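S.K.: Pasting final26.txt below, which is compact mmCIF, C-alpha atoms.
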# COMPACT_ATOMS: atom_id res chain seq x y z
CA MET A 9 0.00 0.00 0.00
CA ALA A 10 1.65 3.20 -1.13
CA ALA A 11 2.14 5.91 1.45
CA ALA A 12 2.80 8.61 -1.15
CA GLY A 13 0.27 11.42 -0.96
CA ARG A 14 -1.02 10.35 2.45
CA ARG A 15 -1.33 12.80 5.31
CA VAL A 16 -0.30 12.13 8.89
CA PRO A 17 -2.16 13.93 11.69
CA LEU A 18 0.21 15.57 14.20
CA GLY A 19 -2.17 17.60 16.31
CA ARG A 20 -4.98 20.11 16.46
CA ILE A 21 -5.53 23.80 17.14
CA VAL A 22 -7.67 23.81 20.28
CA GLY A 23 -7.89 27.41 21.43
CA LEU A 24 -6.66 30.98 21.44
CA HIS A 25 -3.75 32.48 23.36
CA GLY A 26 -3.65 36.24 23.76
CA VAL A 27 -4.68 38.88 21.25
CA GLN A 28 -1.80 38.73 18.75
CA GLY A 29 -2.92 35.66 16.82
CA TRP A 30 -1.31 32.92 18.92
CA VAL A 31 -3.14 29.61 19.21
CA LYS A 32 -3.14 26.71 21.68
CA LEU A 33 -2.15 23.33 20.28
CA GLU A 34 -2.74 19.72 21.13
CA SER A 35 0.28 17.74 19.88
CA TRP A 36 0.34 13.99 19.23
CA THR A 37 4.09 13.83 18.60
CA GLU A 38 6.66 12.39 21.01
CA PRO A 39 7.99 14.57 22.51
CA ARG A 40 5.06 16.94 22.07
CA THR A 41 7.34 19.83 21.01
CA GLN A 42 8.51 17.77 18.01
CA ILE A 43 5.46 19.12 16.17
CA PHE A 44 7.48 22.31 15.55
CA GLY A 45 10.19 20.28 13.78
CA TYR A 46 7.90 19.44 10.85
CA ARG A 47 7.34 21.87 7.99
CA PRO A 48 5.15 22.70 6.23
CA TRP A 49 1.97 22.02 8.16
CA LEU A 50 -1.27 21.30 6.36
CA LEU A 51 -4.19 22.81 8.31
CA GLY A 52 -7.78 21.87 7.77
CA LYS A 53 -11.12 21.14 9.34
CA ALA A 54 -11.89 18.64 6.57
CA PRO A 55 -9.37 16.13 5.15
CA ASP A 56 -9.80 17.34 1.57
CA ALA A 57 -9.63 21.09 2.36
CA VAL A 58 -6.22 22.01 3.75
CA THR A 59 -4.07 25.11 3.71
CA GLU A 60 -0.28 24.87 3.70
CA ILE A 61 1.40 26.83 6.51
CA ASP A 62 5.19 27.08 6.53
CA GLY A 63 7.12 28.59 9.41
CA ALA A 64 4.92 27.96 12.43
CA SER A 65 6.79 28.58 15.67
CA GLY A 66 5.92 27.98 19.26
CA HIS A 67 6.81 26.72 22.69
CA PRO A 68 5.43 24.97 25.78
CA GLN A 69 3.04 27.10 27.83
CA GLY A 70 1.88 25.57 31.09
CA LYS A 71 0.59 22.07 30.37
CA GLY A 72 0.12 22.75 26.66
CA LEU A 73 1.75 24.33 23.63
CA VAL A 74 1.20 27.68 21.98
CA ALA A 75 2.09 28.62 18.42
CA HIS A 76 2.23 31.56 16.09
CA LEU A 77 1.39 30.96 12.44
CA PRO A 78 2.72 33.22 9.68
CA GLY A 79 0.11 35.71 8.54
CA VAL A 80 -2.11 35.17 11.58
CA ASP A 81 -1.58 38.32 13.59
CA ASP A 82 -4.79 38.93 15.50
CA ARG A 83 -7.26 37.04 17.64
CA ASP A 84 -10.04 37.11 15.01
CA ALA A 85 -7.84 35.46 12.37
CA ALA A 86 -6.67 32.87 14.89
CA ALA A 87 -10.25 32.11 15.96
CA LEU A 88 -11.04 30.94 12.42
CA LEU A 89 -8.41 28.21 12.81
CA VAL A 90 -9.65 26.71 16.10
CA GLY A 91 -10.68 23.11 15.45
CA SER A 92 -8.28 22.69 12.53
CA ASP A 93 -6.25 19.52 12.39
CA ILE A 94 -2.50 19.75 11.74
CA PHE A 95 -1.17 17.30 9.17
CA ILE A 96 2.10 16.71 7.38
CA ALA A 97 2.80 14.75 4.22
CA ARG A 98 3.70 11.11 4.99
CA GLU A 99 6.99 11.58 3.12
CA GLN A 100 8.20 13.96 5.84
CA LEU A 101 8.45 11.19 8.44
CA PRO A 102 11.81 9.48 8.95
CA VAL A 103 12.23 5.99 7.55
CA ALA A 104 10.84 3.43 9.99
CA GLY A 105 13.28 0.91 11.43
CA LYS A 106 13.22 -2.82 10.80
CA ASP A 107 9.93 -4.30 12.06
CA GLU A 108 8.66 -0.79 12.90
CA PHE A 109 5.59 0.72 11.29
CA TYR A 110 3.80 4.03 11.26
CA TRP A 111 0.12 3.60 12.03
CA VAL A 112 -0.82 5.51 8.88
CA ASP A 113 0.97 2.83 6.83
CA LEU A 114 -1.03 0.03 8.47
CA GLU A 115 -4.42 1.66 7.91
CA GLY A 116 -6.22 0.03 5.01
CA LEU A 117 -4.20 -3.20 5.02
CA GLU A 118 -6.10 -6.42 4.38
CA VAL A 119 -5.97 -8.65 7.49
CA VAL A 120 -6.00 -12.44 7.15
CA THR A 121 -5.42 -15.25 9.62
CA THR A 122 -2.53 -17.69 9.37
CA GLN A 123 -5.10 -20.10 7.88
CA GLY A 124 -6.00 -17.59 5.16
CA VAL A 125 -9.38 -16.47 6.56
CA ALA A 126 -10.08 -12.84 5.64
CA LEU A 127 -10.95 -10.70 8.67
CA GLY A 128 -11.33 -7.31 6.97
CA ARG A 129 -9.18 -4.21 6.72
CA VAL A 130 -7.34 -2.13 9.29
CA SER A 131 -9.59 0.83 10.11
CA HIS A 132 -7.30 2.45 12.67
CA LEU A 133 -5.16 1.74 15.71
CA PHE A 134 -5.13 2.95 19.28
CA ALA A 135 -2.72 2.67 22.19
CA THR A 136 -3.41 0.97 25.49
CA GLY A 137 -1.18 0.62 28.50
CA ALA A 138 -0.09 -2.85 27.45
CA ASN A 139 0.13 -2.66 23.65
CA ASP A 140 -1.29 -1.04 20.54
CA VAL A 141 -4.58 -2.41 19.21
CA VAL A 142 -5.54 -2.85 15.55
CA VAL A 143 -9.20 -2.19 14.74
CA VAL A 144 -10.21 -4.46 11.86
CA ARG A 145 -13.56 -4.00 10.09
CA ASP A 146 -15.17 -6.18 7.45
CA GLY A 147 -18.38 -4.23 6.87
CA THR A 148 -20.48 -6.15 9.38
CA ARG A 149 -18.07 -6.76 12.21
CA GLU A 150 -15.32 -4.99 14.12
CA ARG A 151 -12.44 -6.88 15.73
CA LEU A 152 -9.88 -5.54 18.18
CA ILE A 153 -6.59 -7.36 17.68
CA PRO A 154 -3.52 -6.67 19.82
CA PHE A 155 -0.56 -5.50 17.73
CA ILE A 156 1.98 -7.88 19.26
CA GLN A 157 4.56 -8.77 16.66
CA GLY A 158 5.60 -12.41 16.57
CA SER A 159 2.83 -13.96 18.65
CA VAL A 160 -0.31 -12.28 17.22
CA VAL A 161 0.90 -10.26 14.23
CA ARG A 162 2.91 -12.76 12.23
CA SER A 163 3.79 -10.57 9.25
CA VAL A 164 3.17 -7.18 7.70
CA ASP A 165 3.75 -6.70 3.98
CA LEU A 166 3.18 -3.06 3.14
CA ASP A 167 3.92 -3.60 -0.56
CA ALA A 168 1.29 -6.34 -0.81
CA GLY A 169 -1.10 -4.44 1.48
CA ARG A 170 -1.51 -7.39 3.85
CA MET A 171 -1.16 -8.26 7.53
CA VAL A 172 -1.20 -11.88 8.68
CA VAL A 173 -2.39 -12.56 12.23
CA ASP A 174 -2.67 -15.61 14.46
CA TRP A 175 -6.25 -14.92 15.53
CA ASP A 176 -9.45 -16.89 15.94
CA PRO A 177 -11.87 -15.59 13.28
CA GLU A 178 -14.79 -16.22 15.68
CA PHE A 179 -13.32 -13.93 18.34
Please, can you express the file's structure as structure tokens?

M.R.:
Amino acid sequence: MAAAGRRVPLGRIVGLHGVQGWVKLESWTEPRTQIFGYRPWLLGKAPDAVTEIDGASGHPQGKGLVAHLPGVDDRDAAALLVGSDIFIAREQLPVAGKDEFYWVDLEGLEVVTTQGVALGRVSHLFATGANDVVVVRDGTRERLIPFIQGSVVRSVDLDAGRMVVDWDPEF
């Protein structure tokens, strides 16, 4: 499954800070300040309607982050951006290591059992305290499969668009 042209969500504009156009951010990067290391940002409230912003700057402020975006110099202009998601192009991410995967690359993969039973496609993933979980949907059913490489997830072939899992299809 080709990653070219895909967007990766990094965070969201969640509020206003001051009167000079600064905004409050929610960052999903690790560490959270890493969001400022990616350029350009693609901002949008809908996935197909984004605006490219290059040169955002910011810093930690209390428990959150604040940022200034080029060309956004007053509170009214900043207010129009609240609720916008912050994306980057998938190509901006560093190359994943051996047996490491970005979640965005796993989304959409066909999931089959080691016996060849089709379970559906990866809808999305989420983190738990113990491990990440793959949400697999087949149109009528949703399965939550732990992303544990070796024991549950036997193989991931991004080029073929397939993930093989050791999982009971009835579960």

S.K.: Using only C-alpha atoms, which of the listed residues (A:Gly23, A:Ser92, A:Gln123, A:Lys32) sits closest to Arg162 (chain A)?

M.R.: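 Of A:Gly23, A:Ser92, A:Gln123, A:Lys32, the one nearest Arg162 (chain A), counting only C-alpha atoms, is A:Gln123.
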
S.K.: Contacts of His67 (chain A) at 9 Å or less, counting all atoms listed in the file, minus same-chain residues fewer than 4 places along, as a VMD selection string?

M.R.: chain A and resid 41 44 72 to 75

S.K.: Write out as JSON, numbers by chain the residues lying within 12 Å of Gln28 (chain A), counting only C-alpha atoms and excluding same-chain residues fewer than 6 positions away.

M.R.: {"A": [74, 75, 76, 77, 78, 79, 80, 81, 82, 83, 84, 85, 86, 87]}

S.K.: Those selected residues, please, written with C-alpha atoms and delivered as a PDB file, in the coordinates of the input.

M.R.:
ATOM      1  CA  VAL A  74       1.200  27.680  21.980  1.00  0.00           C
ATOM      2  CA  ALA A  75       2.090  28.620  18.420  1.00  0.00           C
ATOM      3  CA  HIS A  76       2.230  31.560  16.090  1.00  0.00           C
ATOM      4  CA  LEU A  77       1.390  30.960  12.440  1.00  0.00           C
ATOM      5  CA  PRO A  78       2.720  33.220   9.680  1.00  0.00           C
ATOM      6  CA  GLY A  79       0.110  35.710   8.540  1.00  0.00           C
ATOM      7  CA  VAL A  80      -2.110  35.170  11.580  1.00  0.00           C
ATOM      8  CA  ASP A  81      -1.580  38.320  13.590  1.00  0.00           C
ATOM      9  CA  ASP A  82      -4.790  38.930  15.500  1.00  0.00           C
ATOM     10  CA  ARG A  83      -7.260  37.040  17.640  1.00  0.00           C
ATOM     11  CA  ASP A  84     -10.040  37.110  15.010  1.00  0.00           C
ATOM     12  CA  ALA A  85      -7.840  35.460  12.370  1.00  0.00           C
ATOM     13  CA  ALA A  86      -6.670  32.870  14.890  1.00  0.00           C
ATOM     14  CA  ALA A  87     -10.250  32.110  15.960  1.00  0.00           C
TER      15      ALA A  87
END

S.K.: Would you list the contacts of Trp175 (chain A) as a PyMOL selection string, taking every protein, DNA or RNA residue within 10 Å and counting only C-alpha atoms, but skipping same-chain residues closer than 2 positions in sequence?

M.R.: chain A and resi 120-123+125+127+153-154+159-162+172-173+177-179

S.K.: Which residues are near Pro17 (chain A)? Cut-off 7 Å, all atoms listed in the file, ignore same chain within fewer than 5 positions. Put them as a list in words.

M.R.: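 Residues meeting the cut-off are Asp93, Ile94, Phe95 and Ile96 of chain A.
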
S.K.: Mind giving me the straight-line distance from CA of Val31 (chain A) to CA of Leu89 (chain A) in Å, one decimal?

M.R.: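 Interatomic distance here is 8.4 Å.
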
S.K.: Could you name the residues that touch His132 (chain A) at 7 Å or less, counting all atoms listed in the file, but leaving out those on the same chain fewer than 5 positions away, as a PDB file with C-alpha atoms, keeping the file's coordinate frame?

M.R.:
ATOM      1  CA  GLU A 115      -4.420   1.660   7.910  1.00  0.00           C
ATOM      2  CA  VAL A 142      -5.540  -2.850  15.550  1.00  0.00           C
ATOM      3  CA  VAL A 143      -9.200  -2.190  14.740  1.00  0.00           C
TER       4      VAL A 143
END

S.K.: Looking at A:Ala54, A:Leu24, A:Val90, A:Val141, which one is nearest to Gln157 (chain A), with distances taken over all atoms listed in the file?

M.R.: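 Ranked by minimum distance to Gln157 (chain A), first place goes to A:Val141.
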
S.K.: In Å, rounded to a single decimal, give me how far CA of Asp140 (chain A) is from CA of Val112 (chain A).

M.R.: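 Rounded to one decimal, the two atoms are 13.4 Å apart.
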
S.K.: Could you check how far CA of Asp176 (chain A) sits from CA of Thr148 (chain A), in Å to one decimal?

M.R.: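 Atom-to-atom, CA of Asp176 (chain A) to CA of Thr148 (chain A), that is 16.7 Å.
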
S.K.: Ranking A:Leu117, A:Val22, A:Leu50, A:Ala97 by minimum distance to Met171 (chain A) and counting all atoms listed in the file, which one comes first?

M.R.: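 Among the listed residues, A:Leu117 lies closest to Met171 (chain A).
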
S.K.: Pick the closest to Ser163 (chain A) from A:Phe109, A:Gly116, A:Ser131, A:Val58: which is it, counting all atoms listed in the file?

M.R.: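 When distances to Ser163 (chain A) are compared using all atoms listed in the file, the smallest one comes from A:Phe109.
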
S.K.: With all atoms listed in the file as the basis for distance, which of A:Gly158, A:Lys71, A:Gly128, A:Arg47 is at the shortest distance from Ser35 (chain A)?

M.R.: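 So, comparing all the options, the nearest one is A:Lys71.
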
S.K.: May I ask which of the residues A:Val103, A:Ala64, A:Leu51, A:Leu152 is the closest one to Leu133 (chain A), counting all atoms listed in the file?

M.R.: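 Closest candidate: A:Leu152.
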
S.K.: Just need region 25-51 of chain A in a file, please: N, CA and C atoms, as a tab-separated table (two decimals), in the first residue's frame.

M.R.:
chain	number	residue	atom	x	y	z
A	25	HIS	N	-4.68	32.05	22.32
A	25	HIS	CA	-3.75	32.48	23.36
A	25	HIS	C	-3.41	33.95	23.11
A	26	GLY	N	-3.95	34.82	23.90
A	26	GLY	CA	-3.65	36.24	23.76
A	26	GLY	C	-4.42	36.90	22.63
A	27	VAL	N	-3.96	38.08	22.26
A	27	VAL	CA	-4.68	38.88	21.25
A	27	VAL	C	-3.87	39.07	19.96
A	28	GLN	N	-2.66	38.52	19.91
A	28	GLN	CA	-1.80	38.73	18.75
A	28	GLN	C	-1.77	37.55	17.78
A	29	GLY	N	-2.81	36.73	17.80
A	29	GLY	CA	-2.92	35.66	16.82
A	29	GLY	C	-2.33	34.32	17.24
A	30	TRP	N	-1.87	34.19	18.46
A	30	TRP	CA	-1.31	32.92	18.92
A	30	TRP	C	-2.45	31.93	19.19
A	31	VAL	N	-2.15	30.66	18.99
A	31	VAL	CA	-3.14	29.61	19.21
A	31	VAL	C	-2.59	28.56	20.17
A	32	LYS	N	-3.51	27.85	20.82
A	32	LYS	CA	-3.14	26.71	21.68
A	32	LYS	C	-3.21	25.45	20.84
A	33	LEU	N	-2.23	24.57	21.05
A	33	LEU	CA	-2.15	23.33	20.28
A	33	LEU	C	-2.28	22.10	21.16
A	34	GLU	N	-2.82	21.07	20.59
A	34	GLU	CA	-2.74	19.72	21.13
A	34	GLU	C	-1.80	18.98	20.18
A	35	SER	N	-0.71	18.43	20.71
A	35	SER	CA	0.28	17.74	19.88
A	35	SER	C	0.25	16.25	20.17
A	36	TRP	N	0.32	15.45	19.09
A	36	TRP	CA	0.34	13.99	19.23
A	36	TRP	C	1.72	13.42	18.94
A	37	THR	N	2.72	14.29	18.86
A	37	THR	CA	4.09	13.83	18.60
A	37	THR	C	4.77	13.50	19.92
A	38	GLU	N	5.83	12.72	19.84
A	38	GLU	CA	6.66	12.39	21.01
A	38	GLU	C	8.07	12.85	20.73
A	39	PRO	N	8.64	13.75	21.49
A	39	PRO	CA	7.99	14.57	22.51
A	39	PRO	C	7.01	15.54	21.85
A	40	ARG	N	6.13	16.10	22.63
A	40	ARG	CA	5.06	16.94	22.07
A	40	ARG	C	5.59	18.16	21.32
A	41	THR	N	6.77	18.66	21.70
A	41	THR	CA	7.34	19.83	21.01
A	41	THR	C	7.90	19.47	19.63
A	42	GLN	N	8.00	18.20	19.32
A	42	GLN	CA	8.51	17.77	18.01
A	42	GLN	C	7.61	18.27	16.88
A	43	ILE	N	6.38	18.61	17.19
A	43	ILE	CA	5.46	19.12	16.17
A	43	ILE	C	6.06	20.33	15.45
A	44	PHE	N	6.88	21.12	16.16
A	44	PHE	CA	7.48	22.31	15.55
A	44	PHE	C	8.65	21.97	14.63
A	45	GLY	N	9.10	20.71	14.65
A	45	GLY	CA	10.19	20.28	13.78
A	45	GLY	C	9.74	19.90	12.38
A	46	TYR	N	8.44	19.81	12.17
A	46	TYR	CA	7.90	19.44	10.85
A	46	TYR	C	7.40	20.66	10.12
A	47	ARG	N	7.77	20.76	8.83
A	47	ARG	CA	7.34	21.87	7.99
A	47	ARG	C	7.22	21.38	6.56
A	48	PRO	N	6.26	21.85	5.83
A	48	PRO	CA	5.15	22.70	6.23
A	48	PRO	C	4.04	21.90	6.90
A	49	TRP	N	3.18	22.61	7.60
A	49	TRP	CA	1.97	22.02	8.16
A	49	TRP	C	0.86	22.16	7.12
A	50	LEU	N	-0.05	21.22	7.15
A	50	LEU	CA	-1.27	21.30	6.36
A	50	LEU	C	-2.41	21.42	7.36
A	51	LEU	N	-3.10	22.56	7.36
A	51	LEU	CA	-4.19	22.81	8.31
A	51	LEU	C	-5.53	22.64	7.63
